[in-house]
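Reading through the structure tokens given below for one structure.
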Amino acid sequence: MITLSQSDYEAIRAMIDQKALIAISPAHLPTNGFIKVVCPDGDTTPEMINHFHFDVCPKANGGFVCTHLAPVTGGPGAIPETSPMHALTYKGKVWGNAHDQVCTYIEAALSVKGGRITNVALVPHAPCGMATVKKLSVWENFELSFLAKEMIRKEFPRTFESVKVMPHINFAGYPEANNPKGPFRTYLLRREPFERMLASQRKPERIARSA
Ligand SMILES: [Zn+2]
């Protein structure tokens, strides 16, 4: 299992300190069902699903909610066309893309579950094997996840009550993992503080480029 890079760990710590990432609580979750866009990573995704299904959702709703998965390798950050994880390939040939794959799952879920699904959770995770292969930082992966949120809102207008970005982090190898809860945490990513931090991250690059 891969571990968080030092730079991604420091980025996540900073996002927690600045309250861009806040611990998920039942109050953040819908009282109706939701579609969860996830990376199908076998080392972490089952834990995330169980955490939602058996711990957080019952507290939010007094019972289980319908949780419909829309898996795509790399997670929601693969959805935008600009993402290096966007193309779906088999035997070296592109046969589709992450946007169409996720939208196919969403359309099917809406048709078979009727009015039971009214929310979307976009779950980028870190460390992610595909994001690592494509050299995407958590900053980039989370920014792509917000772009994905806009695309889903546009693709399915007036369909969802909420579309939230909820990163799932595996802290294995770092102090946060020395905890009875284990190494995994799920957060809500808040757009305004995240984008403020992202802009200040990029400032030195812009200065460097214009020099
Ligand atoms: Zn992944």
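Residues in the structure tokens are named by chain (A, B, ... in the order shown) and by number from 1 within that chain; ligands are numbered from 1 in the order shown.
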Between chain A and ligand 1, at 9 Å or less, what are the per-residue closest atom pairs and their distances in Å? Count only C-alpha atoms and all ligand atoms, order by chain and rising residue number, and return it as a tab-separated table.
```
residue	atom	partner	partner_atom_place_in_ligand_line	distance
A:Val38	CA	ligand 1	1 (Zn)	7.9
A:Cys39	CA	ligand 1	1 (Zn)	4.6
A:Pro40	CA	ligand 1	1 (Zn)	6.5
A:Asp41	CA	ligand 1	1 (Zn)	5.0
A:Gly42	CA	ligand 1	1 (Zn)	8.7
A:Thr44	CA	ligand 1	1 (Zn)	8.4
A:Thr45	CA	ligand 1	1 (Zn)	8.4
A:Val72	CA	ligand 1	1 (Zn)	8.7
A:Thr73	CA	ligand 1	1 (Zn)	6.1
A:Gly74	CA	ligand 1	1 (Zn)	4.5
A:Gly75	CA	ligand 1	1 (Zn)	6.2
A:Pro124	CA	ligand 1	1 (Zn)	7.6
A:His125	CA	ligand 1	1 (Zn)	6.1
A:Ala126	CA	ligand 1	1 (Zn)	7.2
A:Pro127	CA	ligand 1	1 (Zn)	7.1
A:Cys128	CA	ligand 1	1 (Zn)	3.7
A:Gly129	CA	ligand 1	1 (Zn)	5.1
A:Met130	CA	ligand 1	1 (Zn)	5.5
A:Ala131	CA	ligand 1	1 (Zn)	6.6
A:Thr132	CA	ligand 1	1 (Zn)	8.6
```
_Applying 8 Å and only C-alpha atoms, which residues near region 138-146 of chain A remain after dropping the ones on its own chain fewer than 5 positions away? List them as a PyMOL selection string._
chain A and resi 8+11-12+76-80+83+122+124+126+131+165+167+191+198
*Taking into account only C-alpha atoms, which residue in the set A:Ala199, A:Leu188, A:Val65, A:Cys57 is nearest to Arg116 (chain A)?*
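Closest candidate: A:Val65.
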*Skip Glu155 (chain A) itself and residues of its chain fewer than 3 positions away, then list as a count of residues only all residues within 12 Å of it, counting only C-alpha atoms.*
16
*Using DSSP on the backbone coordinates, identify the residues of region 21-183 of chain A assigned to alpha helix (DSSP H); present them as an MDAnalysis selection string.*
chainID A and resid 45:50 57:61 98:113 129:133 138:155
*Given the choices A:Met1, A:Met48, A:Val37, A:Ala23, which gets closest to Leu189 (chain A) if the distance is worked out from only C-alpha atoms?*
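Using only C-alpha atoms, Leu189 (chain A) sits closest to A:Ala23.
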*With distances taken over only C-alpha atoms, which of A:Glu47, A:Arg153, A:Glu161, A:Phe194 is nearest to Gly182 (chain A)?*
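Smallest distance to Gly182 (chain A) is found for A:Glu47.
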*One decimal, Å: what's the distance from CA of Thr118 (chain A) over to CA of Thr31 (chain A), could you say?*
9.3 Å
*Give the strand (DSSP E) residues of region 89-209 of chain A, as DSSP finds them on the backbone, and put them as a VMD selection string.*
chain A and resid 89 to 90 93 to 97 117 to 123 125 to 126 162 to 165 168 to 170 184 to 189
